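J.: Here's a structure for you.
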Amino acid sequence: MTAFFQGLGLPFAAAWTISTICGILLIALPVMLAVAMVIYVDRKVWASMALRRGPNVVGPFGILQSFADGLKVFLQETIIPSAANKGLFLIAPIITFTVALLAWAVIPFNSGAILANINVGLLYILAISSLGVYGIVIAGWSSNSKYPFFSAMRASAQMISYEVSIGFILVCVVLWANSFNLNDIVKAQHGFGLGFINGFWCSPLLFPMWVMFLISSMAETQRAPFDLTEAESELVAGYQTEYSSMAFALFWLGEYGNVLLMCALNATLFWGGYLPPVELAVLYLIPGWIWLILKIAFGFFVFSWVKATVPRYRYDQLMRLGWKIFLPVSLLFVFLVSGYLMATGHFA
Amino acid sequence: MVDLIQYLPILIFLGIALALSTAFVFLPMGAARLTGTHNPTADKLAEYECGFPAFEDPRSQFDVRFYLVAILFIIFDLEAAFLFPWAVSLKQTGWAGWATMMVFLAELVLGFIYAWKKGALDWE
C-alpha cells in the first residue's frame, strides 16, 4: 500500500505513515463491526437452540439490534460509585478494550497482508493477552464492592491457570513450524496432511493439542461453560457489576473481541489460516482473507454452540481440569512432539 | 539484529486504540451532561449489595489458594519462557539441546508431583 501512496507523489515517510494508519483502521473498524455482528449472531444461535426467535425487531431479522443497544448505552448516565477509586475505575475498561484490539496487529489476513510482520508474533500475542488480566483485576479492585472483587479474583486465577497450558500447546505448534512468525506458521501448514490438507489439525500429535487449545481458549475468555466470573446466581454481573454506560459496553466489546481473536488464532495455528482447507487450484480463486473469515466464523459458531448446550462448571472442577489434566498432558505432548521431530528430522 | 521499525505500526496502533477507547469512555459522560441524564444521587452511587447498605469492607480476606495459584503460575510460565527459544532452535541444537531440555523438564515434573501430593492443586 506504501507504493500506492508513493505513486501519488508523496515522500516515502509520509506514504508509509498514511498506509500504516489506513491498515490500522482497516483492522480496527472491521473488528469492532464484527464484534457488534457477532453479539447478534451469538444471541440468534442460542435462541434457535432453545427454539426461541431471538432479536427480531430492530431492522430486518433484528440485524441492527447491537447498534440499537450501542446507542442506548451511549446515551446512558455513567455512574461512578462514591466508594470507587475513580481513576482506576475508568482506566480498567480502557485497558480491556485496547488490549483486545492490539493483538490483531500480527494476525496474517493473507500472504503478506499483515500489519506488523514481526518474528515473535506468537510471543507478542501471548504477552498482549496476558495484559488482559490487568483490566479485569483493576475493575474488580477499584469498584470497591464485594461481587466485582470476588469475580476479579476468580477471573485472574482462571486466566493465569489456563495461560500455562496454552503456553505449552503453542510450544508444540512452534516446534513443528520452527518459527514464531504467524505468517511462517501458516506457510508451514501448506500441504501438511497427506500432501493436500492444509492445517496442523490433521496430525495425530497435534489434533489433541487443537482440542485442548479450543477448550483452554474458552476458559481464557471466560466463555460458558467456564463463565464463573459472571455466574449470575452468586456474583450478579461479575466484575462489571458497578459499571454502566459505555464503560460497561467496553467490557462486552473487549470480551467478544478476545473471543474472535481466539477463533482467529485457532484458525491460524491449526486450520491453515488464510490457506484453503485442501490443496485445489479452484479454491485459490477465493481470496485468502475470505477463507480466514470463514474459519473464524465457524470457530465462533462452535463457541456459541458450546455456550448454548453445556452446563456451567464448578470452580474446583475448572481448576482441576486446568492444573491436573491440561498441564501434565500438554507437557507430555511437548516431550512427544519434540522427540518425534528429533527422531524423524521432520522440521519445517 | 532486531529491526525495531517493524514494531512502529504496533506503537501507532496502540495510540489509536487508546484514543478510541478513551473517547468511548469519556464521550458518553459529556453526552449525558448535555442530554440531562446525568443525575447522581447518594443511593445511586452506593456500592451494589442487593439493596442493603454494605455490611463490611469489600476488600476483606480471601482464600490463600489464590496466592498458591499465582505462585505456581510464575514457575510454569517461566518454564514456558525457557521453552520458547529452545523450540525455535531445536533444529540447530540437535540431540544435545533436546536432552538438556528434557532433564530440565523432568526436574520441574518432580516439583509438580510434589505440589500435587502436598495438595497444592486441590480446590475444595
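Every chain in the C-alpha cells has a letter given in the order shown (A, B, ...), and although residue numbers restart at 1 in each chain, ligands are simply numbered from 1 in the order shown.
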Hey, what's within 9 Å of segment 133-146 of chain A if we count only C-alpha atoms and toss same-chain stuff fewer than 5 positions away? As an NGL selection string, please?
T.: (:A and (80-81 or 83-97 or 99 or 151-153 or 155-156 or 159-160 or 235 or 238-243 or 251)) or (:B and (47-49 or 54 or 57-60))
J.: Write down, as a VMD selection string, each residue of chain A that has any atom within 7 Å of an atom of chain B, counting only C-alpha atoms.
T.: chain A and resid 20 24 74 to 83 94 97 to 98 101 to 102 105 115 to 118 144 to 146 157 160 to 161 164 167 to 168 171 174 to 175 178 to 179 242 246 to 247 316 323
J.: Let me make sure I understand: among A:Val211, A:Phe226, A:Gly23, A:Phe109, which one has the smallest atom-to-atom distance to Met319 of chain A if we use only C-alpha atoms?
T.: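 Of the candidates, the smallest distance to Met319 of chain A is held by A:Phe226.
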J.: Expressed in Å to a single decimal, how great is the separation between atom CA of Tyr274 of chain A and atom CA of Ala188 of chain A?
T.: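 Interatomic distance here is 12.2 Å.
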J.: Skip Val57 of chain A itself and residues of its chain fewer than 6 positions away, then list as a PDB file with C-alpha atoms, in the first residue's frame all residues within 12 Å of it, counting only C-alpha atoms.
T.:
ATOM      1  CA  ILE A  63     -29.779  -7.429  12.426  1.00  0.00           C
ATOM      2  CA  LEU A  64     -29.391  -3.903  13.828  1.00  0.00           C
ATOM      3  CA  GLN A  65     -30.036  -4.988  17.437  1.00  0.00           C
ATOM      4  CA  SER A  66     -26.423  -4.495  18.557  1.00  0.00           C
ATOM      5  CA  ALA A  68     -29.535  -0.071  18.919  1.00  0.00           C
TER       6      ALA A  68
END
J.: Which of chain B end up as alpha helix (DSSP H) when DSSP is run on this backbone - answer as a ChimeraX atom specification?
T.: /B:8-35,42-45,65-88,90-118
J.: Using atom CA of Val45 of chain A and atom CA of Ser304 of chain A as the two end points, give the distance in Å to one decimal.
T.: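 Going from atom CA of Val45 of chain A over to atom CA of Ser304 of chain A, I get 6.7 Å.
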J.: Using only C-alpha atoms, determine which residues lie at most 10 Å from Thr268 of chain A, disregarding the query and same-chain residues fewer than 4 positions distant; provide the list as a PDB file with all heavy atoms, in the first residue's frame.
T.:
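Okay, this is what ended up in selection-v5.pdb:
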ATOM      1  N   ILE A 107      -1.974 -10.726  13.183  1.00  0.00           N
ATOM      2  CA  ILE A 107      -2.700 -11.808  12.508  1.00  0.00           C
ATOM      3  C   ILE A 107      -2.548 -11.641  10.992  1.00  0.00           C
ATOM      4  O   ILE A 107      -2.865 -10.576  10.471  1.00  0.00           O
ATOM      5  CB  ILE A 107      -4.197 -11.768  12.881  1.00  0.00           C
ATOM      6  CG1 ILE A 107      -4.387 -11.934  14.389  1.00  0.00           C
ATOM      7  CG2 ILE A 107      -4.977 -12.812  12.114  1.00  0.00           C
ATOM      8  CD1 ILE A 107      -4.330 -13.331  14.881  1.00  0.00           C
ATOM      9  N   PRO A 108      -2.057 -12.656  10.284  1.00  0.00           N
ATOM     10  CA  PRO A 108      -1.954 -12.525   8.823  1.00  0.00           C
ATOM     11  C   PRO A 108      -3.304 -12.765   8.149  1.00  0.00           C
ATOM     12  O   PRO A 108      -3.905 -13.815   8.322  1.00  0.00           O
ATOM     13  CB  PRO A 108      -0.951 -13.612   8.441  1.00  0.00           C
ATOM     14  CG  PRO A 108      -0.984 -14.592   9.532  1.00  0.00           C
ATOM     15  CD  PRO A 108      -1.496 -13.919  10.770  1.00  0.00           C
ATOM     16  N   PHE A 109      -3.782 -11.768   7.379  1.00  0.00           N
ATOM     17  CA  PHE A 109      -5.084 -11.901   6.720  1.00  0.00           C
ATOM     18  C   PHE A 109      -4.952 -12.503   5.339  1.00  0.00           C
ATOM     19  O   PHE A 109      -5.909 -12.961   4.742  1.00  0.00           O
ATOM     20  CB  PHE A 109      -5.777 -10.538   6.637  1.00  0.00           C
ATOM     21  CG  PHE A 109      -6.195 -10.037   7.979  1.00  0.00           C
ATOM     22  CD1 PHE A 109      -5.380  -9.194   8.702  1.00  0.00           C
ATOM     23  CD2 PHE A 109      -7.388 -10.453   8.538  1.00  0.00           C
ATOM     24  CE1 PHE A 109      -5.759  -8.765   9.962  1.00  0.00           C
ATOM     25  CE2 PHE A 109      -7.766 -10.025   9.787  1.00  0.00           C
ATOM     26  CZ  PHE A 109      -6.948  -9.176  10.504  1.00  0.00           C
ATOM     27  N   LEU A 182       3.753 -15.652  12.616  1.00  0.00           N
ATOM     28  CA  LEU A 182       2.478 -16.287  12.287  1.00  0.00           C
ATOM     29  C   LEU A 182       2.360 -16.583  10.797  1.00  0.00           C
ATOM     30  O   LEU A 182       1.751 -17.572  10.399  1.00  0.00           O
ATOM     31  CB  LEU A 182       1.326 -15.397  12.754  1.00  0.00           C
ATOM     32  CG  LEU A 182       1.106 -15.426  14.260  1.00  0.00           C
ATOM     33  CD1 LEU A 182       0.164 -14.345  14.681  1.00  0.00           C
ATOM     34  CD2 LEU A 182       0.562 -16.769  14.689  1.00  0.00           C
ATOM     35  N   ASN A 183       2.979 -15.726   9.977  1.00  0.00           N
ATOM     36  CA  ASN A 183       2.958 -15.978   8.534  1.00  0.00           C
ATOM     37  C   ASN A 183       3.691 -17.277   8.205  1.00  0.00           C
ATOM     38  O   ASN A 183       3.219 -18.091   7.406  1.00  0.00           O
ATOM     39  CB  ASN A 183       3.624 -14.792   7.833  1.00  0.00           C
ATOM     40  CG  ASN A 183       2.980 -14.483   6.514  1.00  0.00           C
ATOM     41  OD1 ASN A 183       1.988 -15.100   6.144  1.00  0.00           O
ATOM     42  ND2 ASN A 183       3.547 -13.549   5.794  1.00  0.00           N
ATOM     43  N   ILE A 185       4.139 -19.752  10.268  1.00  0.00           N
ATOM     44  CA  ILE A 185       3.371 -20.877  10.820  1.00  0.00           C
ATOM     45  C   ILE A 185       2.284 -21.290   9.832  1.00  0.00           C
ATOM     46  O   ILE A 185       2.060 -22.480   9.596  1.00  0.00           O
ATOM     47  CB  ILE A 185       2.780 -20.495  12.194  1.00  0.00           C
ATOM     48  CG1 ILE A 185       3.906 -20.365  13.218  1.00  0.00           C
ATOM     49  CG2 ILE A 185       1.773 -21.539  12.657  1.00  0.00           C
ATOM     50  CD1 ILE A 185       3.461 -19.941  14.583  1.00  0.00           C
ATOM     51  N   VAL A 186       1.622 -20.301   9.213  1.00  0.00           N
ATOM     52  CA  VAL A 186       0.602 -20.636   8.217  1.00  0.00           C
ATOM     53  C   VAL A 186       1.246 -21.349   7.034  1.00  0.00           C
ATOM     54  O   VAL A 186       0.743 -22.363   6.543  1.00  0.00           O
ATOM     55  CB  VAL A 186      -0.146 -19.361   7.761  1.00  0.00           C
ATOM     56  CG1 VAL A 186      -1.036 -19.671   6.580  1.00  0.00           C
ATOM     57  CG2 VAL A 186      -0.968 -18.803   8.895  1.00  0.00           C
ATOM     58  N   GLN A 189       1.923 -24.987   7.275  1.00  0.00           N
ATOM     59  CA  GLN A 189       0.785 -25.900   7.222  1.00  0.00           C
ATOM     60  C   GLN A 189       0.392 -26.230   5.796  1.00  0.00           C
ATOM     61  O   GLN A 189      -0.552 -26.972   5.550  1.00  0.00           O
ATOM     62  CB  GLN A 189      -0.416 -25.268   7.941  1.00  0.00           C
ATOM     63  CG  GLN A 189      -0.127 -25.036   9.395  1.00  0.00           C
ATOM     64  CD  GLN A 189      -1.254 -24.325  10.084  1.00  0.00           C
ATOM     65  OE1 GLN A 189      -2.390 -24.745  10.017  1.00  0.00           O
ATOM     66  NE2 GLN A 189      -0.951 -23.245  10.763  1.00  0.00           N
ATOM     67  N   GLY A 199      -3.294 -27.563   7.201  1.00  0.00           N
ATOM     68  CA  GLY A 199      -3.677 -27.375   8.604  1.00  0.00           C
ATOM     69  C   GLY A 199      -2.968 -28.376   9.491  1.00  0.00           C
ATOM     70  O   GLY A 199      -2.776 -29.530   9.112  1.00  0.00           O
ATOM     71  N   PHE A 200      -2.569 -27.897  10.676  1.00  0.00           N
ATOM     72  CA  PHE A 200      -1.870 -28.767  11.616  1.00  0.00           C
ATOM     73  C   PHE A 200      -2.815 -29.749  12.309  1.00  0.00           C
ATOM     74  O   PHE A 200      -2.371 -30.691  12.951  1.00  0.00           O
ATOM     75  CB  PHE A 200      -1.178 -27.917  12.696  1.00  0.00           C
ATOM     76  CG  PHE A 200       0.168 -27.407  12.287  1.00  0.00           C
ATOM     77  CD1 PHE A 200       0.630 -26.183  12.748  1.00  0.00           C
ATOM     78  CD2 PHE A 200       0.992 -28.148  11.462  1.00  0.00           C
ATOM     79  CE1 PHE A 200       1.873 -25.712  12.388  1.00  0.00           C
ATOM     80  CE2 PHE A 200       2.248 -27.685  11.100  1.00  0.00           C
ATOM     81  CZ  PHE A 200       2.675 -26.466  11.562  1.00  0.00           C
ATOM     82  N   MET A 262      -9.365 -15.372  19.698  1.00  0.00           N
ATOM     83  CA  MET A 262      -9.062 -16.774  19.949  1.00  0.00           C
ATOM     84  C   MET A 262      -9.490 -17.632  18.763  1.00  0.00           C
ATOM     85  O   MET A 262      -8.801 -18.584  18.394  1.00  0.00           O
ATOM     86  CB  MET A 262      -9.771 -17.240  21.224  1.00  0.00           C
ATOM     87  CG  MET A 262      -9.055 -16.807  22.483  1.00  0.00           C
ATOM     88  SD  MET A 262      -7.406 -17.534  22.537  1.00  0.00           S
ATOM     89  CE  MET A 262      -6.722 -16.819  23.982  1.00  0.00           C
ATOM     90  N   CYS A 263     -10.648 -17.298  18.157  1.00  0.00           N
ATOM     91  CA  CYS A 263     -11.076 -18.037  16.962  1.00  0.00           C
ATOM     92  C   CYS A 263     -10.083 -17.810  15.822  1.00  0.00           C
ATOM     93  O   CYS A 263      -9.769 -18.744  15.068  1.00  0.00           O
ATOM     94  CB  CYS A 263     -12.466 -17.586  16.521  1.00  0.00           C
ATOM     95  SG  CYS A 263     -13.739 -17.957  17.688  1.00  0.00           S
ATOM     96  N   ALA A 264      -9.572 -16.569  15.703  1.00  0.00           N
ATOM     97  CA  ALA A 264      -8.609 -16.277  14.643  1.00  0.00           C
ATOM     98  C   ALA A 264      -7.316 -17.043  14.872  1.00  0.00           C
ATOM     99  O   ALA A 264      -6.720 -17.576  13.936  1.00  0.00           O
ATOM    100  CB  ALA A 264      -8.330 -14.771  14.589  1.00  0.00           C
ATOM    101  N   GLY A 272      -4.877 -23.720   9.189  1.00  0.00           N
ATOM    102  CA  GLY A 272      -4.270 -23.256   7.945  1.00  0.00           C
ATOM    103  C   GLY A 272      -4.492 -21.792   7.630  1.00  0.00           C
ATOM    104  O   GLY A 272      -4.197 -21.373   6.512  1.00  0.00           O
ATOM    105  N   GLY A 273      -5.001 -20.993   8.560  1.00  0.00           N
ATOM    106  CA  GLY A 273      -5.105 -19.549   8.375  1.00  0.00           C
ATOM    107  C   GLY A 273      -5.775 -19.157   7.076  1.00  0.00           C
ATOM    108  O   GLY A 273      -6.897 -19.568   6.812  1.00  0.00           O
ATOM    109  N   TYR A 274      -5.056 -18.388   6.247  1.00  0.00           N
ATOM    110  CA  TYR A 274      -5.652 -17.876   5.009  1.00  0.00           C
ATOM    111  C   TYR A 274      -5.570 -18.876   3.857  1.00  0.00           C
ATOM    112  O   TYR A 274      -6.002 -18.577   2.757  1.00  0.00           O
ATOM    113  CB  TYR A 274      -4.987 -16.552   4.604  1.00  0.00           C
ATOM    114  CG  TYR A 274      -3.487 -16.612   4.525  1.00  0.00           C
ATOM    115  CD1 TYR A 274      -2.842 -17.199   3.449  1.00  0.00           C
ATOM    116  CD2 TYR A 274      -2.701 -16.072   5.530  1.00  0.00           C
ATOM    117  CE1 TYR A 274      -1.473 -17.266   3.375  1.00  0.00           C
ATOM    118  CE2 TYR A 274      -1.327 -16.129   5.468  1.00  0.00           C
ATOM    119  CZ  TYR A 274      -0.718 -16.734   4.377  1.00  0.00           C
ATOM    120  OH  TYR A 274       0.646 -16.798   4.314  1.00  0.00           O
ATOM    121  N   LEU A 275      -5.015 -20.085   4.114  1.00  0.00           N
ATOM    122  CA  LEU A 275      -4.977 -21.093   3.044  1.00  0.00           C
ATOM    123  C   LEU A 275      -6.334 -21.779   2.945  1.00  0.00           C
ATOM    124  O   LEU A 275      -7.052 -21.892   3.927  1.00  0.00           O
ATOM    125  CB  LEU A 275      -3.905 -22.140   3.361  1.00  0.00           C
ATOM    126  CG  LEU A 275      -2.462 -21.656   3.444  1.00  0.00           C
ATOM    127  CD1 LEU A 275      -1.581 -22.761   3.979  1.00  0.00           C
ATOM    128  CD2 LEU A 275      -1.982 -21.204   2.099  1.00  0.00           C
ATOM    129  N   LEU A 292      -9.989 -17.031   5.801  1.00  0.00           N
ATOM    130  CA  LEU A 292      -9.734 -16.777   7.226  1.00  0.00           C
ATOM    131  C   LEU A 292     -11.045 -16.416   7.929  1.00  0.00           C
ATOM    132  O   LEU A 292     -11.340 -16.939   9.010  1.00  0.00           O
ATOM    133  CB  LEU A 292      -8.695 -15.666   7.396  1.00  0.00           C
ATOM    134  CG  LEU A 292      -8.312 -15.421   8.845  1.00  0.00           C
ATOM    135  CD1 LEU A 292      -7.527 -16.592   9.385  1.00  0.00           C
ATOM    136  CD2 LEU A 292      -7.504 -14.153   9.005  1.00  0.00           C
ATOM    137  N   LYS A 295     -13.204 -19.399   8.467  1.00  0.00           N
ATOM    138  CA  LYS A 295     -12.716 -20.252   9.557  1.00  0.00           C
ATOM    139  C   LYS A 295     -13.009 -19.621  10.911  1.00  0.00           C
ATOM    140  O   LYS A 295     -13.382 -20.314  11.866  1.00  0.00           O
ATOM    141  CB  LYS A 295     -11.209 -20.494   9.395  1.00  0.00           C
ATOM    142  CG  LYS A 295     -10.901 -21.462   8.270  1.00  0.00           C
ATOM    143  CD  LYS A 295      -9.431 -21.490   7.928  1.00  0.00           C
ATOM    144  CE  LYS A 295      -9.210 -22.396   6.731  1.00  0.00           C
ATOM    145  NZ  LYS A 295      -7.817 -22.383   6.270  1.00  0.00           N
ATOM    146  N   ILE A 296     -12.850 -18.277  11.011  1.00  0.00           N
ATOM    147  CA  ILE A 296     -13.169 -17.591  12.265  1.00  0.00           C
ATOM    148  C   ILE A 296     -14.660 -17.750  12.567  1.00  0.00           C
ATOM    149  O   ILE A 296     -15.061 -18.035  13.697  1.00  0.00           O
ATOM    150  CB  ILE A 296     -12.783 -16.099  12.181  1.00  0.00           C
ATOM    151  CG1 ILE A 296     -11.270 -15.948  12.082  1.00  0.00           C
ATOM    152  CG2 ILE A 296     -13.301 -15.339  13.387  1.00  0.00           C
ATOM    153  CD1 ILE A 296     -10.821 -14.528  11.897  1.00  0.00           C
TER     154      ILE A 296
END
